[in-house]
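One file, my_file.csv, is given below (CSV, C-alpha atoms and all ligand atoms).
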```csv
chain,number,residue,atom,x,y,z
A,352,MET,CA,0.0,0.0,0.0
A,353,PRO,CA,1.3,3.5,-0.7
A,354,MET,CA,2.3,5.4,2.3
A,355,ASN,CA,0.5,8.6,3.2
A,356,LYS,CA,3.2,10.7,4.7
A,357,SER,CA,2.4,12.6,8.0
A,358,GLU,CA,4.2,15.7,9.1
A,359,PHE,CA,6.3,14.5,12.0
A,360,ILE,CA,8.1,11.4,13.3
A,361,TRP,CA,9.0,11.1,17.0
A,362,PHE,CA,12.8,10.3,17.0
A,363,ASP,CA,14.5,9.8,20.3
A,364,GLY,CA,12.3,12.3,22.1
A,365,GLU,CA,12.1,15.0,19.4
A,366,PHE,CA,9.6,15.6,16.6
A,367,VAL,CA,11.4,15.7,13.3
A,368,PRO,CA,9.9,16.4,9.9
A,369,TRP,CA,8.9,13.1,8.1
A,370,ASP,CA,11.6,13.4,5.4
A,371,GLU,CA,14.3,14.2,7.8
A,372,ALA,CA,13.9,11.1,10.1
A,373,LYS,CA,17.1,9.4,8.9
A,374,VAL,CA,19.7,7.0,10.2
A,375,HIS,CA,23.3,6.1,9.3
A,376,VAL,CA,23.8,3.4,6.7
A,377,LEU,CA,26.0,1.5,9.1
A,378,SER,CA,23.3,1.2,11.8
A,379,HIS,CA,23.3,-2.2,13.3
A,380,ALA,CA,19.6,-2.9,12.7
A,381,LEU,CA,20.0,-2.4,9.0
A,382,HIS,CA,22.7,-5.2,8.8
A,383,TYR,CA,21.5,-7.7,11.3
A,384,GLY,CA,17.8,-7.1,11.8
A,385,SER,CA,18.3,-5.9,15.4
A,386,SER,CA,15.1,-4.0,15.8
A,387,VAL,CA,11.9,-4.5,17.8
A,388,PHE,CA,8.6,-3.0,16.6
A,389,GLU,CA,4.9,-2.9,16.9
A,390,GLY,CA,2.0,-2.3,14.6
A,391,ILE,CA,-0.9,-0.6,16.3
A,392,ARG,CA,-4.1,1.0,15.0
A,393,CYS,CA,-5.8,4.2,16.1
A,394,TYR,CA,-9.4,4.3,15.2
A,395,ALA,CA,-11.7,7.2,14.6
A,396,THR,CA,-14.5,7.2,17.2
A,397,GLU,CA,-17.3,9.8,17.8
A,398,SER,CA,-15.4,11.1,20.8
A,399,GLY,CA,-12.1,11.4,18.8
A,400,PRO,CA,-9.2,9.1,17.9
A,401,ALA,CA,-8.6,6.1,20.2
A,402,VAL,CA,-5.6,3.7,20.2
A,403,PHE,CA,-6.5,0.0,20.2
A,404,CYS,CA,-4.9,-2.1,22.9
A,405,LEU,CA,-2.1,0.3,23.6
A,406,PRO,CA,-0.9,-1.2,26.9
A,407,GLN,CA,-0.9,-4.7,25.4
A,408,HIS,CA,1.2,-3.6,22.4
A,409,ILE,CA,3.6,-1.7,24.7
A,410,ARG,CA,4.0,-4.8,26.9
A,411,ARG,CA,4.7,-7.1,23.9
A,412,MET,CA,7.3,-4.6,22.6
A,413,TYR,CA,9.1,-4.5,26.0
A,414,ASN,CA,8.9,-8.3,26.1
A,415,SER,CA,10.5,-8.5,22.7
A,416,CYS,CA,13.3,-6.2,23.9
A,417,LYS,CA,13.8,-8.3,27.0
A,418,ILE,CA,14.2,-11.4,25.0
A,419,TYR,CA,16.9,-9.6,22.8
A,420,ARG,CA,18.5,-7.9,25.8
A,421,ILE,CA,17.7,-4.5,24.5
A,422,ASP,CA,17.7,-1.8,27.3
A,423,VAL,CA,15.1,0.7,26.1
A,424,PRO,CA,16.1,4.3,27.2
A,425,TYR,CA,12.5,5.2,27.9
A,426,THR,CA,9.9,3.7,30.2
A,427,PRO,CA,6.7,2.1,28.8
A,428,ASP,CA,4.7,5.0,30.1
A,429,GLN,CA,7.0,7.5,28.2
A,430,ILE,CA,6.6,5.5,25.0
A,431,SER,CA,2.8,5.3,25.4
A,432,GLN,CA,2.6,9.0,26.0
A,433,ALA,CA,4.9,9.7,23.0
A,434,ILE,CA,2.6,7.6,20.8
A,435,LEU,CA,-0.4,9.7,21.9
A,436,ASP,CA,1.6,12.9,21.4
A,437,THR,CA,2.7,11.8,17.9
A,438,ILE,CA,-0.9,11.2,16.8
A,439,ARG,CA,-2.0,14.5,18.2
A,440,LYS,CA,0.9,16.4,16.7
A,441,ASN,CA,0.1,15.0,13.3
A,442,GLY,CA,-3.6,15.8,13.7
A,443,LEU,CA,-4.8,12.4,12.6
A,444,ARG,CA,-8.2,11.0,13.3
A,445,SER,CA,-7.3,7.4,12.5
A,446,CYS,CA,-3.9,5.9,11.7
A,447,TYR,CA,-1.5,3.1,11.8
A,448,ILE,CA,1.2,3.5,14.5
A,449,ARG,CA,4.7,2.1,14.1
A,450,PRO,CA,7.0,2.3,17.1
A,451,LEU,CA,10.4,0.9,16.4
A,452,ILE,CA,13.3,0.3,18.8
A,453,PHE,CA,16.6,-0.4,17.1
A,454,ARG,CA,20.3,-0.9,17.6
A,455,GLY,CA,21.9,2.1,16.0
A,456,TYR,CA,25.3,3.3,14.7
A,457,GLU,CA,28.5,2.7,16.6
A,458,GLN,CA,30.2,-0.5,15.5
A,459,LEU,CA,29.3,-3.4,13.2
A,460,GLY,CA,30.1,-6.6,15.0
A,461,VAL,CA,27.4,-9.2,15.5
A,462,GLU,CA,27.4,-8.6,19.3
A,463,PRO,CA,25.1,-5.6,19.3
A,464,ARG,CA,25.3,-4.3,22.8
A,465,THR,CA,27.8,-1.6,22.3
A,466,CYS,CA,25.5,0.1,19.8
A,467,PRO,CA,23.1,2.8,21.0
A,468,VAL,CA,19.4,2.0,21.2
A,469,ASN,CA,17.3,4.4,19.2
A,470,VAL,CA,13.5,4.8,19.3
A,471,VAL,CA,11.2,6.2,16.6
A,472,ILE,CA,7.4,6.4,16.4
A,473,ALA,CA,5.8,7.0,13.0
A,474,VAL,CA,2.0,7.4,12.4
A,475,TRP,CA,0.2,7.6,9.1
A,476,GLU,CA,-3.2,7.1,7.5
A,477,TRP,CA,-3.9,3.5,6.5
A,478,GLY,CA,-6.8,1.5,5.2
A,479,ALA,CA,-7.6,-2.2,5.0
A,480,TYR,CA,-4.4,-4.2,4.7
A,481,LEU,CA,-5.5,-7.0,2.4
A,482,GLY,CA,-7.6,-4.7,0.2
A,483,PRO,CA,-10.9,-3.0,0.8
A,484,GLU,CA,-13.0,-5.9,-0.4
A,485,ALA,CA,-11.2,-8.5,1.7
A,486,LEU,CA,-13.1,-7.8,4.9
A,487,GLU,CA,-16.4,-8.5,3.3
A,488,ARG,CA,-15.6,-11.1,0.6
A,489,GLY,CA,-12.6,-12.9,2.1
A,490,VAL,CA,-9.2,-13.7,0.6
A,491,ASP,CA,-7.7,-16.6,-1.3
A,492,VAL,CA,-4.6,-17.9,0.3
A,493,GLY,CA,-2.2,-20.8,0.0
A,494,VAL,CA,-0.1,-22.9,2.3
A,495,SER,CA,3.5,-21.8,2.0
A,496,SER,CA,6.5,-24.0,1.3
A,497,TRP,CA,8.3,-21.8,3.9
A,498,ARG,CA,8.0,-22.9,7.6
A,499,ARG,CA,7.9,-20.7,10.6
A,500,MET,CA,11.0,-20.8,12.7
A,501,ALA,CA,11.8,-23.8,14.9
A,502,PRO,CA,11.4,-23.1,18.6
A,503,ASP,CA,15.1,-23.1,19.3
A,504,THR,CA,16.1,-20.8,16.4
A,505,THR,CA,14.7,-17.3,16.5
A,506,PRO,CA,12.1,-16.7,19.2
A,507,ALA,CA,8.6,-16.5,17.6
A,508,MET,CA,7.1,-14.6,20.6
A,509,ALA,CA,9.3,-11.6,19.9
A,510,LYS,CA,8.3,-9.2,17.2
A,511,VAL,CA,11.7,-8.5,15.8
A,512,GLY,CA,12.8,-6.9,12.5
A,513,GLY,CA,15.0,-9.8,11.5
A,514,HIS,CA,12.2,-12.4,11.9
A,515,TYR,CA,10.4,-10.7,9.1
A,516,THR,CA,12.8,-12.1,6.5
A,517,ASN,CA,10.7,-15.3,7.0
A,518,SER,CA,7.5,-13.4,6.6
A,519,GLN,CA,8.7,-11.7,3.4
A,520,LEU,CA,9.5,-15.1,1.9
A,521,ILE,CA,6.0,-16.3,2.8
A,522,ARG,CA,4.4,-13.2,1.4
A,523,MET,CA,6.4,-13.1,-1.8
A,524,GLU,CA,5.7,-16.7,-2.6
A,525,ALA,CA,2.0,-16.2,-2.0
A,526,ALA,CA,2.0,-13.2,-4.4
A,527,GLU,CA,3.8,-15.3,-7.0
A,528,HIS,CA,1.0,-17.8,-6.8
A,529,GLY,CA,-1.7,-15.2,-7.0
A,530,TYR,CA,-2.7,-15.5,-3.4
A,531,ALA,CA,-3.5,-12.6,-1.1
A,532,GLU,CA,-1.5,-14.2,1.7
A,533,GLY,CA,0.4,-17.4,2.6
A,534,ILE,CA,-0.1,-19.7,5.6
A,535,ALA,CA,3.1,-21.1,7.1
A,536,LEU,CA,3.3,-24.4,8.9
A,537,ASP,CA,5.4,-24.9,12.0
A,538,ILE,CA,8.5,-27.1,12.1
A,539,ALA,CA,6.4,-30.2,12.9
A,540,GLY,CA,4.0,-29.5,10.0
A,541,TYR,CA,1.1,-28.1,11.9
A,542,VAL,CA,-0.6,-24.8,11.0
A,543,SER,CA,1.2,-21.8,12.4
A,544,GLU,CA,0.2,-18.4,11.0
A,545,GLY,CA,0.2,-16.0,8.0
A,546,SER,CA,3.1,-13.8,7.3
A,547,GLY,CA,1.5,-11.1,9.5
A,548,GLU,CA,-1.7,-12.6,10.9
A,549,ASN,CA,-2.9,-15.3,13.2
A,550,ILE,CA,-5.4,-17.8,11.9
A,551,PHE,CA,-8.6,-19.2,13.3
A,552,VAL,CA,-10.6,-22.3,12.1
A,553,VAL,CA,-14.3,-22.7,12.8
A,554,LEU,CA,-15.6,-26.2,12.7
A,555,ASP,CA,-19.0,-27.3,14.1
A,556,GLY,CA,-19.4,-24.1,16.0
A,557,VAL,CA,-16.1,-24.4,17.8
A,558,LEU,CA,-13.1,-22.1,17.2
A,559,TYR,CA,-9.6,-23.4,16.9
A,560,THR,CA,-6.4,-21.5,16.8
A,561,PRO,CA,-2.8,-22.7,17.0
A,562,PRO,CA,-1.1,-22.4,20.4
A,563,VAL,CA,1.8,-20.1,21.0
A,564,SER,CA,4.0,-23.2,20.9
A,565,ALA,CA,3.3,-23.6,17.2
A,566,SER,CA,5.7,-20.7,16.5
A,567,VAL,CA,3.1,-18.0,16.3
A,568,LEU,CA,3.4,-14.4,17.3
A,569,PRO,CA,1.1,-14.0,20.3
A,570,GLY,CA,-1.3,-11.7,18.5
A,571,ILE,CA,-3.1,-9.0,20.3
A,572,THR,CA,-6.1,-9.2,18.0
A,573,ARG,CA,-6.0,-13.0,18.4
A,574,ASN,CA,-6.4,-12.5,22.2
A,575,CYS,CA,-9.2,-10.0,21.7
A,576,VAL,CA,-11.1,-12.3,19.3
A,577,ILE,CA,-10.7,-15.2,21.8
A,578,THR,CA,-12.3,-13.0,24.4
A,579,LEU,CA,-15.1,-11.8,22.1
A,580,ALA,CA,-15.8,-15.4,20.9
A,581,ARG,CA,-16.0,-16.8,24.5
A,582,ASP,CA,-18.2,-13.9,25.6
A,583,LEU,CA,-20.5,-14.7,22.6
A,584,GLY,CA,-20.8,-18.2,24.0
A,585,TYR,CA,-18.4,-20.0,21.6
A,586,GLU,CA,-15.8,-22.5,22.8
A,587,VAL,CA,-12.3,-21.6,21.7
A,588,ARG,CA,-9.5,-24.2,21.7
A,589,GLN,CA,-5.8,-23.4,21.3
A,590,GLN,CA,-4.5,-26.6,19.9
A,591,LEU,CA,-2.3,-28.0,17.1
A,592,ILE,CA,-4.1,-27.8,13.8
A,593,PRO,CA,-3.2,-30.2,10.9
A,594,ARG,CA,-3.1,-28.7,7.5
A,595,GLU,CA,-6.0,-30.7,6.2
A,596,LEU,CA,-8.3,-29.2,8.9
A,597,LEU,CA,-8.0,-25.9,7.0
A,598,TYR,CA,-9.6,-27.5,3.9
A,599,VAL,CA,-12.6,-29.0,5.7
A,600,ALA,CA,-13.3,-26.1,8.0
A,601,ASP,CA,-16.7,-24.4,8.0
A,602,GLU,CA,-15.0,-21.0,8.2
A,603,LEU,CA,-11.5,-19.6,8.4
A,604,PHE,CA,-10.3,-16.1,9.2
A,605,PHE,CA,-7.1,-14.2,9.9
A,606,THR,CA,-6.7,-11.8,12.8
A,607,GLY,CA,-4.1,-9.0,13.1
A,608,THR,CA,-3.7,-5.3,13.6
A,609,ALA,CA,-3.3,-4.8,9.9
A,610,ALA,CA,-5.8,-7.5,8.7
A,611,GLU,CA,-8.2,-6.9,11.6
A,612,VAL,CA,-10.7,-9.8,11.1
A,613,THR,CA,-10.4,-11.0,7.5
A,614,PRO,CA,-12.3,-14.0,6.2
A,615,ILE,CA,-10.5,-16.6,4.1
A,616,ARG,CA,-12.5,-18.0,1.3
A,617,SER,CA,-10.1,-20.5,-0.2
A,618,VAL,CA,-6.9,-22.3,0.7
A,619,ASP,CA,-4.7,-23.9,-2.1
A,620,HIS,CA,-7.8,-23.3,-4.4
A,621,ILE,CA,-10.0,-25.4,-2.1
A,622,VAL,CA,-13.1,-23.5,-1.3
A,623,ILE,CA,-13.8,-23.1,2.4
A,624,GLY,CA,-17.4,-23.7,3.4
A,625,PRO,CA,-19.7,-21.9,0.9
A,626,GLY,CA,-16.8,-19.7,-0.2
A,627,ARG,CA,-17.8,-16.5,1.5
A,628,ARG,CA,-17.7,-14.9,4.9
A,629,GLY,CA,-19.3,-17.3,7.4
A,630,PRO,CA,-21.8,-16.4,10.2
A,631,ILE,CA,-19.4,-16.7,13.1
A,632,THR,CA,-16.7,-14.7,11.3
A,633,THR,CA,-19.4,-12.1,10.6
A,634,LYS,CA,-20.5,-11.9,14.2
A,635,LEU,CA,-17.0,-11.6,15.5
A,636,GLN,CA,-16.1,-9.0,12.8
A,637,ASN,CA,-19.2,-6.9,13.6
A,638,GLU,CA,-18.5,-7.0,17.3
A,639,PHE,CA,-14.9,-6.1,16.8
A,640,PHE,CA,-15.7,-3.1,14.5
A,641,LYS,CA,-18.5,-1.9,16.8
A,642,ILE,CA,-16.0,-1.8,19.7
A,643,VAL,CA,-13.1,-0.2,17.9
A,644,SER,CA,-15.3,2.5,16.3
A,645,GLY,CA,-16.8,3.3,19.7
A,646,LYS,CA,-20.3,2.4,18.6
A,647,VAL,CA,-20.8,0.2,21.6
A,648,GLN,CA,-19.4,0.5,25.1
A,649,ASP,CA,-15.7,-0.3,25.3
A,650,ARG,CA,-16.5,-3.0,27.8
A,651,TYR,CA,-13.0,-4.5,27.8
A,652,ARG,CA,-11.2,-1.1,28.0
A,653,TRP,CA,-9.4,-1.8,24.7
A,654,LEU,CA,-9.4,1.9,23.7
A,655,THR,CA,-7.0,4.7,24.8
A,656,PRO,CA,-8.4,8.0,23.8
A,657,VAL,CA,-6.1,10.6,22.2
A,658,GLN,CA,-7.1,13.6,24.2
A,659,PRO,CA,-7.0,16.9,22.4
A,660,ASP,CA,-4.4,19.5,23.5
A,701,LIG,C1,3.8,-12.8,12.2
A,701,LIG,C2,2.6,-12.1,12.8
A,701,LIG,N1,1.7,-12.9,13.3
A,701,LIG,C3,0.5,-12.4,13.9
A,701,LIG,C4,0.3,-11.0,13.9
A,701,LIG,C5,-0.9,-10.4,14.5
A,701,LIG,O1,-0.6,-9.8,15.7
A,701,LIG,P1,-1.4,-8.6,16.2
A,701,LIG,O2,-2.9,-9.0,16.3
A,701,LIG,O3,-0.9,-8.3,17.5
A,701,LIG,O4,-1.2,-7.5,15.2
A,701,LIG,C6,1.3,-10.2,13.3
A,701,LIG,C7,1.1,-8.7,13.3
A,701,LIG,O5,1.6,-8.0,14.2
A,701,LIG,C8,2.5,-10.7,12.8
A,701,LIG,O6,3.4,-10.0,12.2
```

Rewrite the coordinates I just gave you, this time as C-alpha cells.
Amino acid sequence: MPMNKSEFIWFDGEFVPWDEAKVHVLSHALHYGSSVFEGIRCYATESGPAVFCLPQHIRRMYNSCKIYRIDVPYTPDQISQAILDTIRKNGLRSCYIRPLIFRGYEQLGVEPRTCPVNVVIAVWEWGAYLGPEALERGVDVGVSSWRRMAPDTTPAMAKVGGHYTNSQLIRMEAAEHGYAEGIALDIAGYVSEGSGENIFVVLDGVLYTPPVSASVLPGITRNCVITLARDLGYEVRQQLIPRELLYVADELFFTGTAAEVTPIRSVDHIVIGPGRRGPITTKLQNEFFKIVSGKVQDRYRWLTPVQPD
C-alpha cells in the first residue's frame, strides 16, 4: 500500500519532519535485523481518535526487547505518551502506528550491545491491509513452502525486524502464486500463521487457533477475538491444527492489527465452506468493529483516547 506521509516522526524524544527522520547506513539494525517493533491502530470514534490495545502492544514490545536484551532508554509510560503525542501532533483521526526500537550506529560486530538504542514512532493514515474488499468477501490464500521458525532458532514470541525475512518469503511466494497471503506451517508440519496474521478455524461451531508453541506471534487481535468469541458463547481451543483441517473447516479467518478480522474463502484453491464470509466470522467482525469504532461501550477497555491538546 502507498504510504501517506504525515508531518512529524518522533525520533529519540524529538519531533522531526517526516523526510528528515534518517539513520546512518551502518546502523546495526540495517545489517542484522536488530530492531523491535509494533504495529498498532488508532481508530476514529465519535469522541475522537482512540488507540486500540495500547498497553498490550507496549507490553509485547518491551517483552521483545527483554528477549533480545535491549535496554530501552524510555519507560513504557513514556513511549505510550509519546505515541499519543505523535498522533495529536500530526492531527490524525485514525492511523497506523509504528513504534520501532533499534540498535543504531557505533560498530558493526554481530554482538550488538555496544551500539546505541534508538526509538522512533511514526504514524500515518492507512486502510484495509488485504484490500478494501477483503473484509467482506474474504481472501484466497495458499499454504507456504516456507515454515515458521523452529522453537530453538529465533524466538517467535518476539516481534523483531530480523524475523520478518521469514514473513517476506512467505508473502512473496503467496503473491507469485496469486494469493493474497500465505499460511506457514510450523517445524512439525502443523498450521502456524500467516506472514503477518494469526489464523482461526471454525468447525461445528467451535473455534480453533494454533497455540503459542506452534511458533506463532502471540497476536493481540488474536487475544481480543478469543475474548469476544468466548463472551458470545463459543468454545475456543488453542490446539495444534493439521493442514487438512483448513480445507474441511466451515469458516477460516485471519486476525491481526493490519488484517483486523479478515475471512479466508479458499486455501490452495480449495473453497472453504460456501466460499464467503461465514456467520461466526461475521458476528466476530461486527462485534470487533463496533467496539473499535466506539459504537458500543468499550467493555474490555481496549481503547485509549487521544485527548485533544
Ligand atoms: C507474524 C505475525 N503474526 C501475527 C500477527 C498479528 O498480531 P497482532 O494481532 O498483535 O497485530 C502479526 C502482526 O503483528 C504478525 O506480524

TODO: Could you report the residues within 10 Å of ligand LIG 701 (chain A), using all atoms listed in the file, as JSON, numbers by chain?
DONE: {"A": [388, 389, 390, 391, 392, 404, 407, 408, 411, 499, 507, 508, 509, 510, 511, 512, 514, 515, 517, 518, 535, 543, 544, 545, 546, 547, 548, 549, 550, 566, 567, 568, 569, 570, 571, 572, 573, 574, 575, 576, 605, 606, 607, 608, 609, 610, 611, 612]}

Those same residues, written as a short mmCIF file (atom, residue, chain, number, x, y, z; two decimals), in the frame of the given file with C-alpha atoms?
```cif
data_model
loop_
_atom_site.label_atom_id
_atom_site.label_comp_id
_atom_site.auth_asym_id
_atom_site.auth_seq_id
_atom_site.Cartn_x
_atom_site.Cartn_y
_atom_site.Cartn_z
CA PHE A 388 8.60 -3.00 16.60
CA GLU A 389 4.90 -2.90 16.90
CA GLY A 390 2.00 -2.30 14.60
CA ILE A 391 -0.90 -0.60 16.30
CA ARG A 392 -4.10 1.00 15.00
CA CYS A 404 -4.90 -2.10 22.90
CA GLN A 407 -0.90 -4.70 25.40
CA HIS A 408 1.20 -3.60 22.40
CA ARG A 411 4.70 -7.10 23.90
CA ARG A 499 7.90 -20.70 10.60
CA ALA A 507 8.60 -16.50 17.60
CA MET A 508 7.10 -14.60 20.60
CA ALA A 509 9.30 -11.60 19.90
CA LYS A 510 8.30 -9.20 17.20
CA VAL A 511 11.70 -8.50 15.80
CA GLY A 512 12.80 -6.90 12.50
CA HIS A 514 12.20 -12.40 11.90
CA TYR A 515 10.40 -10.70 9.10
CA ASN A 517 10.70 -15.30 7.00
CA SER A 518 7.50 -13.40 6.60
CA ALA A 535 3.10 -21.10 7.10
CA SER A 543 1.20 -21.80 12.40
CA GLU A 544 0.20 -18.40 11.00
CA GLY A 545 0.20 -16.00 8.00
CA SER A 546 3.10 -13.80 7.30
CA GLY A 547 1.50 -11.10 9.50
CA GLU A 548 -1.70 -12.60 10.90
CA ASN A 549 -2.90 -15.30 13.20
CA ILE A 550 -5.40 -17.80 11.90
CA SER A 566 5.70 -20.70 16.50
CA VAL A 567 3.10 -18.00 16.30
CA LEU A 568 3.40 -14.40 17.30
CA PRO A 569 1.10 -14.00 20.30
CA GLY A 570 -1.30 -11.70 18.50
CA ILE A 571 -3.10 -9.00 20.30
CA THR A 572 -6.10 -9.20 18.00
CA ARG A 573 -6.00 -13.00 18.40
CA ASN A 574 -6.40 -12.50 22.20
CA CYS A 575 -9.20 -10.00 21.70
CA VAL A 576 -11.10 -12.30 19.30
CA PHE A 605 -7.10 -14.20 9.90
CA THR A 606 -6.70 -11.80 12.80
CA GLY A 607 -4.10 -9.00 13.10
CA THR A 608 -3.70 -5.30 13.60
CA ALA A 609 -3.30 -4.80 9.90
CA ALA A 610 -5.80 -7.50 8.70
CA GLU A 611 -8.20 -6.90 11.60
CA VAL A 612 -10.70 -9.80 11.10
#
```

Pick from A:Leu381, A:Val468, A:Leu405, A:Ala372: nearest to A:Trp653, with only C-alpha atoms counted?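 Of the candidates, the smallest distance to A:Trp653 is held by A:Leu405.
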
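Contact shell of A:Leu558 at 9 Å (all atoms listed in the file; same-chain neighbours under 5 positions omitted): Phe551, Val552, Val553, Ile577, Ala580, Tyr585, Glu586, Val587, Arg588 and Gln589 of chain A.
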
Write the residues of the preceding selection, restricted to C-alpha atoms, as a JSON list (two decimals), in the coordinates of the input.
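And here is the file that came out, selection-v8.json:
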```json
[["chain", "number", "residue", "atom", "x", "y", "z"],
["A", 551, "PHE", "CA", -8.60, -19.20, 13.30],
["A", 552, "VAL", "CA", -10.60, -22.30, 12.10],
["A", 553, "VAL", "CA", -14.30, -22.70, 12.80],
["A", 577, "ILE", "CA", -10.70, -15.20, 21.80],
["A", 580, "ALA", "CA", -15.80, -15.40, 20.90],
["A", 585, "TYR", "CA", -18.40, -20.00, 21.60],
["A", 586, "GLU", "CA", -15.80, -22.50, 22.80],
["A", 587, "VAL", "CA", -12.30, -21.60, 21.70],
["A", 588, "ARG", "CA", -9.50, -24.20, 21.70],
["A", 589, "GLN", "CA", -5.80, -23.40, 21.30]]
```

Using all atoms listed in the file, which protein or nucleic acid residues come within 10 Å of A:Tyr419? Drop anything in the same chain fewer than 2 positions from it, and give the result as a PDB file with C-alpha atoms, keeping the file's coordinate frame.
```pdb
ATOM      1  CA  SER A 385      18.300  -5.900  15.400  1.00  0.00           C
ATOM      2  CA  SER A 386      15.100  -4.000  15.800  1.00  0.00           C
ATOM      3  CA  VAL A 387      11.900  -4.500  17.800  1.00  0.00           C
ATOM      4  CA  TYR A 413       9.100  -4.500  26.000  1.00  0.00           C
ATOM      5  CA  ASN A 414       8.900  -8.300  26.100  1.00  0.00           C
ATOM      6  CA  SER A 415      10.500  -8.500  22.700  1.00  0.00           C
ATOM      7  CA  CYS A 416      13.300  -6.200  23.900  1.00  0.00           C
ATOM      8  CA  LYS A 417      13.800  -8.300  27.000  1.00  0.00           C
ATOM      9  CA  ILE A 421      17.700  -4.500  24.500  1.00  0.00           C
ATOM     10  CA  ASP A 422      17.700  -1.800  27.300  1.00  0.00           C
ATOM     11  CA  PRO A 463      25.100  -5.600  19.300  1.00  0.00           C
ATOM     12  CA  ARG A 464      25.300  -4.300  22.800  1.00  0.00           C
ATOM     13  CA  PRO A 506      12.100 -16.700  19.200  1.00  0.00           C
ATOM     14  CA  ALA A 509       9.300 -11.600  19.900  1.00  0.00           C
ATOM     15  CA  VAL A 511      11.700  -8.500  15.800  1.00  0.00           C
TER      16      VAL A 511
END
```

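Interatomic distance, atom CA of A:Pro593 to atom CA of A:Leu486: 25.2 Å.
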
Counting all atoms listed in the file, closest pick from A:Ala401, A:Ile418, A:Pro614, A:Ile434 relative to A:Pro630 is A:Pro614

*Write out as a PyMOL selection string which residues come within 12 Å of A:Leu597 when counting all atoms listed in the file, dropping same-chain ones fewer than 4 positions away.*
chain A and resi 492-494+534+536+541-544+550-554+559-561+591-593+601-604+615-624

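Atom pair atom CA of A:His382 / atom CA of A:Pro467 has a distance of 14.6 Å (rounded to one decimal).
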